[in-house]
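Comments concern the structure below.
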Amino acid sequence: FFVDSFVEAFRLFGKEFDIHTMKVILPVGISFYTFQALSYSIDVYRRKLQPATNLISFLAYVSFFPQLVAGPIERATNLLPQFYRKRTFDSDKAVDGMRQILWGLFKKMVVADTCAIYANQVFDGGGYQPGSALLLGALFFAFQIYGDFSGYSDIAIGTARLFGFSLMRNFNYPYFSRDIAEFWRRWHISLSTWFRDYVYIPMGGSRSNLLFNIRNTLTVFVVSGFWHGANWTFLAWGSYHGLLFLPLLLLKKNRRFTDVVAVDRFFPSGKEIFQMLSTFFLVLLGWIFFRSKNINAAVQYLNAMFTGSLFEIPDLFYLSTKCMLFILFMLTVEWVQRFELHGLVLQKIKSRIWRWSIYLFLLMAIFLFGGGEETFIYFQF
Amino acid sequence: MRNFLLKIGLFSALLIVLGIIFGLLADHGLRSLRKGEFGEWNRYRTDSIHSNWIILGNSRAYRHFSTQIIDSILRVDSYNLGATNATFPFQRLRYNYYRLFADKPSVLILSVDAGTTLHTEDGIPDRQQFIPILNEPEIQKGLKGYKNGFQWFDYYNPVTKYNRCFEAMKQGLFSFIGIPESGVERYKGFINENYKWDGTFEQFKAQYPMGKKMPVDKNVIEDLTSFLRQTAGEGIRVVMVYSPEYIEGQQLILNRDSIVKIYRDISNKMSVPFLDYSSHPICYDKSYFYNSTHLTLDGAEQFSKIVCSDLKLMGNEYSR
């Protein structure tokens with residue numbers, strides 16, 4: 001990436017370089033377990049953690065299979081001690097773990113994989129597409145990446161629970177966020193807290209002067225973008241979120257929404273709906289950069305989206321009704337369960353017949369609609 | 001732990017039993033359908049079709065060759081085996097399955113084109129259509145090796161083959177409980193419904209403004225040649241027909257001429273007549289098409305009359 005960017009920059013001035021770079025094949029999940037290993041090293045250095053004396057436990061911590069390839073990025077202070085403790089089988093935790101796995105499989109195989117079909121059609125389709133189809137394409141990608149990533153996290157966390165391990169929560173219903181600051185407290189929590197604790201705070205955090213505060217915030221968001229891949233689109237995505245977050249931080253409004261939305265009622269208020277929709281829309285615009293091949297493509301996508309054709313009803317709308325039903329179903333379940341750790345916390349349902357009916361329904365949906373050739377998006381990171 | 005495993009075991013057993021029940025019911029329902037592709041496969045098995053004229057090809061076959069008109073003009077008993085999206089290997093599979101239940105025809109009209117006939121797909125087109133007939137060895141042989149193909153355990157159990165096949169499960173269960181089936185019923189394999197210009201040509205043109213080269217697989221050419229050799233050995237008279245395509249669409253297929261030449265070469269090599277309607281006046285009249293490769297009902301009826309009169313001119317063996 002750096003070499004290509006260097007060559008490209010000089011090409012603008014008419015100077016050509018013929019540089020050959022080595023194509024390195026990276027192991028899957030390297031971004032995740034590298035950060036996990038760094039967490040151990042830094043926490044030992046800071047004396048928050050005793051160095052591991054048992055090599056097997058340490059290696060098990062670094063390579064713990066449920067979360068090795070796509071997180072959550074665990075902290076040594078949380079996970080490593082669990083390898084030293086004796087664990088006994090807990091039936092209730094195991095059952096809840098299996099429910100979480102089931103919900104994760106539904107989000108990944110039914111919602112994400114179906115959304116992927118339509119998102120790919122729009123982003124990779126070529127030819128003329130009305131603005132409304134482009135907006136739908138971005139919407140489907142937003143739910144593809146959410147279903148994919150949060151689904152995988154649920155599977156990882158649920159699997160760990162079967163073995164008696166508690167992993168940190170990675171997603172907390174981020175699309176119900178009322179502003180960008182809340183979004184970043186709910187999306188990929190393990191990564192954002194990692195950057196907060198190991199980059200932002202050591203740089204001075206928000207305790208420095210205004211200029212350094214801005215520098216620290218933007219650095220974290222830019223580096224977050226860069227963590228996803230060596231491409232200008234990820235940097236643009238990270239910077240975009242940084243620019244959205246900065247005003248809230250500077251006006252000290254970044255901690256306005258720390259509770260659950262509509263905490264004391266079932267339906268959100270009109271204001272909350274507006275806040276959630278506008279936050280989602282801002283996030284959606286960022287996903288266009290994340291998904292596009294390059295900055296040019298992203299800009300062209302946005303230009304083509306915001307035209308008069310944004311108000312046409314595209315053919316894609318009729319073709320994708322099944323997908324929209326899946327999204328609606330997922331959002332409804334997660335809205336009802338927004339106070340719970342995951343979408344399938346069913347302790348309140350006492351009847352086994354009802355619980356088993358829910359499992360059968362989800363399993364049938366996964367069997368009949370799920371699967372396909374899609375791999376987890378975050379396996380490439 | 002024991003209770004937990006017991007619950008998992010009980011639930012899994014319930015899942016398997018329900019899966020088998022639903023699978024069997026859906027199978028039964030699918031095998032009684034009369035419309036759509038399911039209906040066509042079922043007809044070959046149940047309707048004792050012994051037509052002496054067969055039309056084989058992809059969707060252009062079942063949209064262009066009216067069995068009603070062919071029967072009345074040529075005074076034969078024809079049946080149209082055209083299959084949606086079918087490349088030649090799948091057309092041959094269709095024919096082979098039909099022949100399990102029917103006698104050999106005396107004449108076979110092979111509808112060819114530049115779009116789908118001569119290439120292979122990585123995956124099975126519309127794979128759900130094969131679900132109720134997976135137990136047939138001929139079908140198993142024909143579906144081997146495809147990327148999205150069925151596995152050996154799908155052939156004889158009623159559950160796993162429905163994986164990712166909601167439409168098939170739905171249609172099967174609806175049929176079983178008696179909900180009337182939707183879809184088009186064909187007349188002896190021909191779809192006699194009319195369609196308006198659907199705009200897909202404009203989308204294709206927007207996506208490929210400089211045109212597109214259609215893939216041609218040498219193995220499929222060999223397969224076609226061996227099929228013609230086989231039918232010649234059985235005494236079946238084959239006529240290859242390239243039915244009309246809208247002229248603007250023809251111009252966007254960059255290697256169309258070379259594909260037509262392939263058919264001409266095969267025709268010469270195998271002594272099989274080849275009727276090419278690429279330059280026929282029909283191709284220049286958009287009102288006869290509902291997209292660049294498919295005729296409307298009016299267009300199909302016109303074309304069927306034209307091809308019948310051309311076949312009559314070829315001799316008595318092509319009419320009664």
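Ordering of the structure tokens sets the chain letters (A, B, ...), residue numbers begin anew at 1 in every chain, and ligands are numbered from 1 in the order given.
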
Would you list which chain A residues are within 12 Å of chain B using only C-alpha atoms, as a CSV table (one decimal) with all heavy atoms, in the first residue's frame?
```
chain,number,residue,atom,x,y,z
A,88,THR,N,-16.1,-25.5,35.7
A,88,THR,CA,-17.1,-26.7,35.8
A,88,THR,C,-18.2,-26.4,34.8
A,88,THR,O,-18.5,-25.2,34.5
A,88,THR,CB,-17.7,-26.8,37.2
A,88,THR,OG1,-18.2,-25.6,37.6
A,88,THR,CG2,-16.6,-27.3,38.2
A,89,PHE,N,-18.8,-27.4,34.4
A,89,PHE,CA,-19.9,-27.3,33.4
A,89,PHE,C,-21.1,-26.6,34.0
A,89,PHE,O,-21.6,-27.1,35.1
A,89,PHE,CB,-20.2,-28.7,32.8
A,89,PHE,CG,-21.3,-28.6,31.8
A,89,PHE,CD1,-21.0,-28.1,30.5
A,89,PHE,CD2,-22.6,-28.9,32.1
A,89,PHE,CE1,-22.0,-28.0,29.5
A,89,PHE,CE2,-23.6,-28.8,31.1
A,89,PHE,CZ,-23.3,-28.3,29.8
A,90,ASP,N,-21.6,-25.6,33.4
A,90,ASP,CA,-22.8,-24.9,33.9
A,90,ASP,C,-23.8,-25.0,32.8
A,90,ASP,O,-23.7,-24.4,31.7
A,90,ASP,CB,-22.4,-23.4,34.1
A,90,ASP,CG,-23.6,-22.6,34.7
A,90,ASP,OD1,-24.8,-22.9,34.4
A,90,ASP,OD2,-23.3,-21.7,35.5
A,91,SER,N,-24.9,-25.7,33.1
A,91,SER,CA,-25.9,-26.1,32.2
A,91,SER,C,-26.6,-24.8,31.6
A,91,SER,O,-26.8,-24.6,30.4
A,91,SER,CB,-26.9,-27.0,32.8
A,91,SER,OG,-27.9,-27.3,31.9
A,92,ASP,N,-26.9,-23.9,32.6
A,92,ASP,CA,-27.7,-22.7,32.2
A,92,ASP,C,-26.8,-21.8,31.2
A,92,ASP,O,-27.3,-21.3,30.2
A,92,ASP,CB,-28.0,-21.8,33.4
A,92,ASP,CG,-29.1,-22.5,34.2
A,92,ASP,OD1,-29.8,-23.3,33.6
A,92,ASP,OD2,-29.3,-22.2,35.4
A,93,LYS,N,-25.5,-21.7,31.5
A,93,LYS,CA,-24.6,-20.9,30.7
A,93,LYS,C,-24.5,-21.6,29.3
A,93,LYS,O,-24.4,-21.0,28.3
A,93,LYS,CB,-23.2,-20.8,31.3
A,93,LYS,CG,-23.2,-19.7,32.3
A,93,LYS,CD,-21.7,-19.3,32.7
A,93,LYS,CE,-21.7,-18.3,33.7
A,93,LYS,NZ,-20.7,-18.4,34.8
A,94,ALA,N,-24.4,-22.9,29.4
A,94,ALA,CA,-24.2,-23.7,28.1
A,94,ALA,C,-25.5,-23.5,27.2
A,94,ALA,O,-25.3,-23.3,26.0
A,94,ALA,CB,-24.0,-25.2,28.4
A,95,VAL,N,-26.6,-23.6,27.8
A,95,VAL,CA,-27.9,-23.4,27.0
A,95,VAL,C,-27.9,-22.0,26.5
A,95,VAL,O,-28.3,-21.8,25.3
A,95,VAL,CB,-29.1,-23.7,27.9
A,95,VAL,CG1,-30.4,-23.3,27.3
A,95,VAL,CG2,-29.2,-25.2,28.2
A,96,ASP,N,-27.6,-21.0,27.3
A,96,ASP,CA,-27.6,-19.7,26.8
A,96,ASP,C,-26.6,-19.5,25.7
A,96,ASP,O,-26.8,-18.7,24.7
A,96,ASP,CB,-27.5,-18.7,27.9
A,96,ASP,CG,-27.9,-17.3,27.5
A,96,ASP,OD1,-29.1,-17.2,27.0
A,96,ASP,OD2,-27.2,-16.3,27.6
A,98,MET,N,-25.6,-21.8,23.6
A,98,MET,CA,-26.1,-22.3,22.4
A,98,MET,C,-27.2,-21.4,21.7
A,98,MET,O,-27.3,-21.3,20.5
A,98,MET,CB,-26.7,-23.7,22.6
A,98,MET,CG,-25.7,-24.7,23.1
A,98,MET,SD,-25.9,-26.4,22.6
A,98,MET,CE,-26.1,-26.3,20.9
A,99,ARG,N,-28.0,-20.8,22.6
A,99,ARG,CA,-28.9,-19.8,22.0
A,99,ARG,C,-28.2,-18.7,21.3
A,99,ARG,O,-28.6,-18.3,20.2
A,99,ARG,CB,-29.8,-19.2,23.1
A,99,ARG,CG,-30.8,-20.2,23.7
A,99,ARG,CD,-31.6,-19.5,24.7
A,99,ARG,NE,-32.4,-20.5,25.5
A,99,ARG,CZ,-32.6,-20.4,26.8
A,99,ARG,NH1,-32.0,-19.5,27.5
A,99,ARG,NH2,-33.3,-21.3,27.4
A,109,MET,N,-26.0,-16.3,8.5
A,109,MET,CA,-26.4,-17.1,7.3
A,109,MET,C,-27.7,-16.6,6.6
A,109,MET,O,-27.8,-16.8,5.4
A,109,MET,CB,-26.5,-18.5,7.7
A,109,MET,CG,-25.2,-19.1,8.2
A,109,MET,SD,-25.3,-20.8,8.7
A,109,MET,CE,-25.5,-21.6,7.1
A,110,VAL,N,-28.6,-16.1,7.4
A,110,VAL,CA,-29.8,-15.7,6.7
A,110,VAL,C,-29.8,-14.2,6.4
A,110,VAL,O,-30.0,-13.8,5.2
A,110,VAL,CB,-31.0,-16.0,7.7
A,110,VAL,CG1,-32.3,-15.5,7.0
A,110,VAL,CG2,-31.1,-17.4,8.0
A,113,ASP,N,-25.9,-13.1,4.6
A,113,ASP,CA,-25.6,-13.7,3.3
A,113,ASP,C,-26.7,-13.3,2.3
A,113,ASP,O,-26.4,-13.3,1.1
A,113,ASP,CB,-25.6,-15.3,3.4
A,113,ASP,CG,-24.3,-15.7,4.1
A,113,ASP,OD1,-23.4,-14.9,4.3
A,113,ASP,OD2,-24.2,-16.9,4.4
A,114,THR,N,-27.9,-13.1,2.7
A,114,THR,CA,-28.9,-12.7,1.7
A,114,THR,C,-28.7,-11.2,1.3
A,114,THR,O,-28.8,-10.9,0.2
A,114,THR,CB,-30.3,-12.8,2.3
A,114,THR,OG1,-30.5,-14.1,2.9
A,114,THR,CG2,-31.4,-12.6,1.3
A,124,ASP,N,-21.2,-4.0,-7.4
A,124,ASP,CA,-20.3,-4.6,-8.5
A,124,ASP,C,-21.0,-4.7,-9.8
A,124,ASP,O,-20.5,-5.2,-10.8
A,124,ASP,CB,-19.8,-6.0,-8.1
A,124,ASP,CG,-19.1,-6.0,-6.8
A,124,ASP,OD1,-18.5,-5.0,-6.4
A,124,ASP,OD2,-19.1,-7.0,-6.0
A,125,GLY,N,-22.3,-4.2,-9.8
A,125,GLY,CA,-23.1,-4.4,-11.0
A,125,GLY,C,-22.7,-3.7,-12.3
A,125,GLY,O,-22.7,-4.3,-13.4
A,126,GLY,N,-22.3,-2.5,-12.1
A,126,GLY,CA,-22.0,-1.7,-13.3
A,126,GLY,C,-23.2,-1.3,-14.1
A,126,GLY,O,-24.3,-1.7,-13.8
A,127,GLY,N,-23.1,-0.4,-15.0
A,127,GLY,CA,-24.2,0.1,-15.8
A,127,GLY,C,-25.0,1.1,-15.0
A,127,GLY,O,-24.7,1.4,-13.8
A,128,TYR,N,-26.1,1.6,-15.5
A,128,TYR,CA,-26.9,2.6,-14.9
A,128,TYR,C,-27.7,2.0,-13.7
A,128,TYR,O,-28.4,0.9,-13.9
A,128,TYR,CB,-27.8,3.3,-15.9
A,128,TYR,CG,-28.9,4.1,-15.2
A,128,TYR,CD1,-28.5,5.4,-14.6
A,128,TYR,CD2,-30.2,3.7,-15.0
A,128,TYR,CE1,-29.5,6.1,-13.9
A,128,TYR,CE2,-31.1,4.5,-14.4
A,128,TYR,CZ,-30.8,5.7,-13.8
A,128,TYR,OH,-31.7,6.4,-13.2
A,129,GLN,N,-27.7,2.6,-12.6
A,129,GLN,CA,-28.6,2.3,-11.5
A,129,GLN,C,-29.2,3.5,-10.9
A,129,GLN,O,-28.4,4.5,-10.7
A,129,GLN,CB,-27.9,1.5,-10.4
A,129,GLN,CG,-27.4,0.1,-11.0
A,129,GLN,CD,-26.7,-0.7,-9.9
A,129,GLN,OE1,-27.4,-1.4,-9.2
A,129,GLN,NE2,-25.4,-0.6,-9.7
A,130,PRO,N,-30.5,3.6,-10.6
A,130,PRO,CA,-31.1,4.8,-10.1
A,130,PRO,C,-30.5,5.0,-8.7
A,130,PRO,O,-30.1,4.1,-8.0
A,130,PRO,CB,-32.6,4.6,-10.1
A,130,PRO,CG,-32.7,3.1,-10.1
A,130,PRO,CD,-31.5,2.6,-10.8
A,162,LEU,N,-19.8,-22.4,26.1
A,162,LEU,CA,-20.0,-23.8,26.2
A,162,LEU,C,-18.8,-24.4,27.0
A,162,LEU,O,-19.0,-25.5,27.7
A,162,LEU,CB,-20.1,-24.5,24.8
A,162,LEU,CG,-21.3,-24.3,24.0
A,162,LEU,CD1,-21.1,-24.9,22.6
A,162,LEU,CD2,-22.5,-24.9,24.7
A,163,PHE,N,-17.7,-23.8,26.9
A,163,PHE,CA,-16.5,-24.3,27.5
A,163,PHE,C,-16.2,-23.6,28.9
A,163,PHE,O,-15.2,-23.8,29.5
A,163,PHE,CB,-15.2,-24.1,26.6
A,163,PHE,CG,-15.3,-24.9,25.4
A,163,PHE,CD1,-15.8,-24.4,24.2
A,163,PHE,CD2,-14.9,-26.3,25.4
A,163,PHE,CE1,-15.9,-25.2,23.1
A,163,PHE,CE2,-14.9,-27.0,24.3
A,163,PHE,CZ,-15.5,-26.5,23.1
A,315,ASP,N,-36.4,-1.6,-9.4
A,315,ASP,CA,-36.8,-3.0,-9.5
A,315,ASP,C,-36.2,-3.8,-8.3
A,315,ASP,O,-36.9,-4.7,-7.8
A,315,ASP,CB,-36.2,-3.6,-10.7
A,315,ASP,CG,-36.9,-3.1,-12.0
A,315,ASP,OD1,-38.0,-2.6,-11.8
A,315,ASP,OD2,-36.3,-3.1,-13.1
A,322,LYS,N,-37.8,-10.3,0.3
A,322,LYS,CA,-37.5,-11.4,1.3
A,322,LYS,C,-36.4,-10.9,2.2
A,322,LYS,O,-36.4,-11.0,3.4
A,322,LYS,CB,-37.0,-12.6,0.5
A,322,LYS,CG,-37.3,-13.9,1.3
A,322,LYS,CD,-36.7,-15.1,0.6
A,322,LYS,CE,-37.3,-15.4,-0.7
A,322,LYS,NZ,-36.7,-16.6,-1.4
A,352,ARG,N,-41.4,-24.6,27.6
A,352,ARG,CA,-40.4,-25.3,26.8
A,352,ARG,C,-40.9,-25.4,25.3
A,352,ARG,O,-40.1,-25.3,24.4
A,352,ARG,CB,-40.1,-26.7,27.3
A,352,ARG,CG,-39.1,-27.5,26.4
A,352,ARG,CD,-38.6,-28.7,27.0
A,352,ARG,NE,-37.7,-28.5,28.1
A,352,ARG,CZ,-37.4,-29.3,29.1
A,352,ARG,NH1,-37.9,-30.6,29.0
A,352,ARG,NH2,-36.6,-29.0,30.0
A,353,ILE,N,-42.2,-25.6,25.2
A,353,ILE,CA,-42.8,-25.7,23.9
A,353,ILE,C,-42.5,-24.4,23.1
A,353,ILE,O,-42.1,-24.4,21.9
A,353,ILE,CB,-44.3,-26.0,23.9
A,353,ILE,CG1,-44.5,-27.3,24.5
A,353,ILE,CG2,-45.0,-25.9,22.6
A,353,ILE,CD1,-46.0,-27.7,24.8
A,355,ARG,N,-40.1,-22.2,23.6
A,355,ARG,CA,-38.7,-22.0,23.4
A,355,ARG,C,-38.3,-22.9,22.3
A,355,ARG,O,-37.5,-22.5,21.3
A,355,ARG,CB,-37.9,-22.3,24.7
A,355,ARG,CG,-38.1,-21.3,25.8
A,355,ARG,CD,-37.0,-21.4,26.8
A,355,ARG,NE,-36.8,-22.8,27.3
A,355,ARG,CZ,-37.4,-23.3,28.4
A,355,ARG,NH1,-38.3,-22.6,29.0
A,355,ARG,NH2,-37.1,-24.6,28.8
A,356,TRP,N,-38.7,-24.2,22.3
A,356,TRP,CA,-38.3,-25.1,21.2
A,356,TRP,C,-38.9,-24.7,19.9
A,356,TRP,O,-38.2,-24.9,18.8
A,356,TRP,CB,-38.7,-26.6,21.6
A,356,TRP,CG,-37.8,-27.2,22.6
A,356,TRP,CD1,-37.0,-26.5,23.6
A,356,TRP,CD2,-37.5,-28.5,22.8
A,356,TRP,NE1,-36.3,-27.4,24.3
A,356,TRP,CE2,-36.5,-28.7,23.8
A,356,TRP,CE3,-37.9,-29.7,22.1
A,356,TRP,CZ2,-36.0,-29.9,24.3
A,356,TRP,CZ3,-37.4,-30.9,22.5
A,356,TRP,CH2,-36.5,-31.0,23.6
A,357,SER,N,-40.1,-24.1,19.9
A,357,SER,CA,-40.7,-23.6,18.7
A,357,SER,C,-39.8,-22.5,18.1
A,357,SER,O,-39.6,-22.5,16.8
A,357,SER,CB,-42.1,-23.1,18.9
A,357,SER,OG,-42.9,-24.1,19.4
A,359,TYR,N,-36.5,-22.1,18.6
A,359,TYR,CA,-35.3,-22.7,18.0
A,359,TYR,C,-35.6,-23.4,16.6
A,359,TYR,O,-34.8,-23.2,15.7
A,359,TYR,CB,-34.8,-23.8,18.9
A,359,TYR,CG,-34.5,-23.4,20.4
A,359,TYR,CD1,-34.6,-24.4,21.4
A,359,TYR,CD2,-34.2,-22.1,20.7
A,359,TYR,CE1,-34.4,-24.0,22.7
A,359,TYR,CE2,-34.0,-21.8,22.0
A,359,TYR,CZ,-34.1,-22.7,23.0
A,359,TYR,OH,-33.9,-22.4,24.3
A,360,LEU,N,-36.7,-24.1,16.6
A,360,LEU,CA,-37.1,-24.8,15.3
A,360,LEU,C,-37.3,-23.8,14.2
A,360,LEU,O,-36.8,-24.0,13.1
A,360,LEU,CB,-38.3,-25.7,15.5
A,360,LEU,CG,-38.2,-26.9,16.3
A,360,LEU,CD1,-39.5,-27.6,16.6
A,360,LEU,CD2,-37.3,-27.9,15.5
A,361,PHE,N,-38.0,-22.7,14.5
A,361,PHE,CA,-38.2,-21.7,13.5
A,361,PHE,C,-36.9,-21.1,13.0
A,361,PHE,O,-36.7,-21.0,11.7
A,361,PHE,CB,-39.1,-20.6,14.1
A,361,PHE,CG,-39.3,-19.4,13.2
A,361,PHE,CD1,-40.2,-19.5,12.1
A,361,PHE,CD2,-38.6,-18.2,13.4
A,361,PHE,CE1,-40.4,-18.4,11.3
A,361,PHE,CE2,-38.8,-17.1,12.5
A,361,PHE,CZ,-39.6,-17.2,11.5
A,362,LEU,N,-36.0,-20.8,13.9
A,362,LEU,CA,-34.7,-20.2,13.4
A,362,LEU,C,-33.9,-21.2,12.7
A,362,LEU,O,-33.3,-20.9,11.6
A,362,LEU,CB,-33.9,-19.7,14.6
A,362,LEU,CG,-34.5,-18.4,15.3
A,362,LEU,CD1,-33.8,-18.1,16.6
A,362,LEU,CD2,-34.5,-17.2,14.4
A,363,LEU,N,-33.9,-22.5,13.1
A,363,LEU,CA,-33.1,-23.5,12.4
A,363,LEU,C,-33.7,-23.8,11.1
A,363,LEU,O,-32.9,-23.9,10.1
A,363,LEU,CB,-33.1,-24.8,13.3
A,363,LEU,CG,-32.1,-24.8,14.4
A,363,LEU,CD1,-32.4,-25.9,15.4
A,363,LEU,CD2,-30.7,-24.8,14.0
A,364,MET,N,-35.0,-23.8,10.9
A,364,MET,CA,-35.6,-23.9,9.6
A,364,MET,C,-35.2,-22.8,8.7
A,364,MET,O,-34.9,-23.0,7.5
A,364,MET,CB,-37.1,-24.0,9.8
A,364,MET,CG,-37.7,-25.3,9.3
A,364,MET,SD,-39.4,-25.5,9.5
A,364,MET,CE,-40.1,-24.1,8.8
A,365,ALA,N,-35.2,-21.6,9.2
A,365,ALA,CA,-34.9,-20.4,8.4
A,365,ALA,C,-33.4,-20.5,7.9
A,365,ALA,O,-33.1,-20.3,6.8
A,365,ALA,CB,-35.1,-19.1,9.2
A,366,ILE,N,-32.5,-21.0,8.8
A,366,ILE,CA,-31.1,-21.1,8.5
A,366,ILE,C,-31.0,-22.2,7.4
A,366,ILE,O,-30.3,-22.1,6.4
A,366,ILE,CB,-30.3,-21.5,9.7
A,366,ILE,CG1,-30.2,-20.3,10.7
A,366,ILE,CG2,-28.9,-21.9,9.3
A,366,ILE,CD1,-29.7,-20.6,12.1
A,367,PHE,N,-31.7,-23.3,7.6
A,367,PHE,CA,-31.6,-24.4,6.7
A,367,PHE,C,-32.2,-24.1,5.3
A,367,PHE,O,-31.6,-24.4,4.3
A,367,PHE,CB,-32.4,-25.6,7.3
A,367,PHE,CG,-32.4,-26.8,6.4
A,367,PHE,CD1,-31.3,-27.6,6.3
A,367,PHE,CD2,-33.5,-27.2,5.7
A,367,PHE,CE1,-31.2,-28.7,5.4
A,367,PHE,CE2,-33.5,-28.4,4.9
A,367,PHE,CZ,-32.4,-29.1,4.8
A,368,LEU,N,-33.3,-23.3,5.3
A,368,LEU,CA,-33.9,-23.1,4.0
A,368,LEU,C,-33.4,-21.9,3.3
A,368,LEU,O,-33.4,-21.8,2.0
A,368,LEU,CB,-35.4,-22.9,4.2
A,368,LEU,CG,-36.2,-24.2,4.6
A,368,LEU,CD1,-37.6,-23.9,4.9
A,368,LEU,CD2,-36.1,-25.2,3.4
A,369,PHE,N,-32.9,-20.9,4.0
A,369,PHE,CA,-32.5,-19.6,3.4
A,369,PHE,C,-31.0,-19.3,3.5
A,369,PHE,O,-30.5,-18.5,2.8
A,369,PHE,CB,-33.2,-18.4,4.0
A,369,PHE,CG,-34.7,-18.4,3.9
A,369,PHE,CD1,-35.5,-18.7,5.0
A,369,PHE,CD2,-35.3,-18.2,2.7
A,369,PHE,CE1,-36.9,-18.7,4.8
A,369,PHE,CE2,-36.7,-18.2,2.5
A,369,PHE,CZ,-37.5,-18.4,3.6
A,370,GLY,N,-30.4,-20.0,4.5
A,370,GLY,CA,-29.1,-19.6,4.8
A,370,GLY,C,-28.0,-20.2,4.0
A,370,GLY,O,-28.2,-21.1,3.2
A,371,GLY,N,-26.8,-19.8,4.2
A,371,GLY,CA,-25.6,-20.4,3.5
A,371,GLY,C,-25.3,-19.7,2.2
A,371,GLY,O,-25.5,-18.5,2.1
A,372,GLY,N,-24.8,-20.4,1.3
A,372,GLY,CA,-24.3,-19.8,0.1
A,372,GLY,C,-22.8,-19.8,0.1
A,372,GLY,O,-22.2,-20.4,1.0
A,373,GLU,N,-22.2,-19.0,-0.8
A,373,GLU,CA,-20.8,-19.0,-0.9
A,373,GLU,C,-20.1,-17.9,-0.1
A,373,GLU,O,-18.9,-17.7,-0.2
A,373,GLU,CB,-20.4,-18.8,-2.4
A,373,GLU,CG,-20.9,-19.9,-3.3
A,373,GLU,CD,-20.4,-21.3,-2.9
A,373,GLU,OE1,-19.2,-21.4,-2.6
A,373,GLU,OE2,-21.1,-22.3,-2.8
```

Need the shell around Leu135 in chain A: protein/DNA/RNA residues with any atom at most 12 Å away, counting only C-alpha atoms. Skip same-chain ones fewer than 6 positions apart. Format as a count of residues only?
27

Backbone-only DSSP, strand (DSSP E or B) members of range 191-282 of chain B, as an mmCIF file with N, CA, C and O atoms, in the first residue's frame:
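Writing the result to selection-v6.cif gives the following:
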```
data_model
loop_
_atom_site.group_PDB
_atom_site.id
_atom_site.type_symbol
_atom_site.label_atom_id
_atom_site.label_comp_id
_atom_site.auth_asym_id
_atom_site.auth_seq_id
_atom_site.Cartn_x
_atom_site.Cartn_y
_atom_site.Cartn_z
ATOM 1 N N LYS B 212 -20.640 -7.830 -25.838
ATOM 2 C CA LYS B 212 -20.093 -8.862 -24.963
ATOM 3 C C LYS B 212 -19.737 -10.090 -25.775
ATOM 4 O O LYS B 212 -20.429 -10.439 -26.729
ATOM 5 N N ARG B 237 -33.974 -38.085 -37.120
ATOM 6 C CA ARG B 237 -33.566 -36.980 -37.997
ATOM 7 C C ARG B 237 -33.549 -35.695 -37.174
ATOM 8 O O ARG B 237 -34.545 -35.326 -36.554
ATOM 9 N N VAL B 238 -32.391 -35.040 -37.171
ATOM 10 C CA VAL B 238 -32.221 -33.819 -36.375
ATOM 11 C C VAL B 238 -32.149 -32.628 -37.307
ATOM 12 O O VAL B 238 -31.536 -32.696 -38.380
ATOM 13 N N VAL B 239 -32.784 -31.538 -36.902
ATOM 14 C CA VAL B 239 -32.649 -30.262 -37.613
ATOM 15 C C VAL B 239 -32.203 -29.229 -36.574
ATOM 16 O O VAL B 239 -32.865 -29.070 -35.543
ATOM 17 N N MET B 240 -31.110 -28.550 -36.867
ATOM 18 C CA MET B 240 -30.676 -27.474 -35.947
ATOM 19 C C MET B 240 -31.311 -26.189 -36.428
ATOM 20 O O MET B 240 -31.288 -25.890 -37.635
ATOM 21 N N VAL B 241 -31.881 -25.437 -35.502
ATOM 22 C CA VAL B 241 -32.554 -24.188 -35.876
ATOM 23 C C VAL B 241 -32.053 -23.055 -34.994
ATOM 24 O O VAL B 241 -32.076 -23.157 -33.764
ATOM 25 N N TYR B 242 -31.606 -21.988 -35.647
ATOM 26 C CA TYR B 242 -31.269 -20.769 -34.903
ATOM 27 C C TYR B 242 -32.441 -19.821 -35.113
ATOM 28 O O TYR B 242 -32.574 -19.181 -36.139
ATOM 29 N N ILE B 253 -23.585 -9.056 -29.531
ATOM 30 C CA ILE B 253 -22.856 -10.297 -29.244
ATOM 31 C C ILE B 253 -21.649 -10.308 -30.178
ATOM 32 O O ILE B 253 -21.758 -10.540 -31.384
ATOM 33 N N PHE B 274 -29.281 -27.194 -41.083
ATOM 34 C CA PHE B 274 -29.187 -26.068 -40.145
ATOM 35 C C PHE B 274 -29.977 -24.914 -40.730
ATOM 36 O O PHE B 274 -29.646 -24.396 -41.788
ATOM 37 N N LEU B 275 -31.042 -24.517 -40.036
ATOM 38 C CA LEU B 275 -31.866 -23.397 -40.486
ATOM 39 C C LEU B 275 -31.528 -22.178 -39.627
ATOM 40 O O LEU B 275 -31.769 -22.185 -38.419
ATOM 41 N N ASP B 276 -30.990 -21.153 -40.269
ATOM 42 C CA ASP B 276 -30.536 -19.970 -39.534
ATOM 43 C C ASP B 276 -31.438 -18.794 -39.881
ATOM 44 O O ASP B 276 -31.433 -18.302 -41.005
#
```

From CA of Tyr97 in chain B to CA of Gly82 in chain B the spacing works out at 12.9 Å

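Distances here use only C-alpha atoms; by that measure, the residue among A:Ser190, A:Thr258, A:Thr233, A:Gln100 closest to Gly151 in chain A is A:Gln100.
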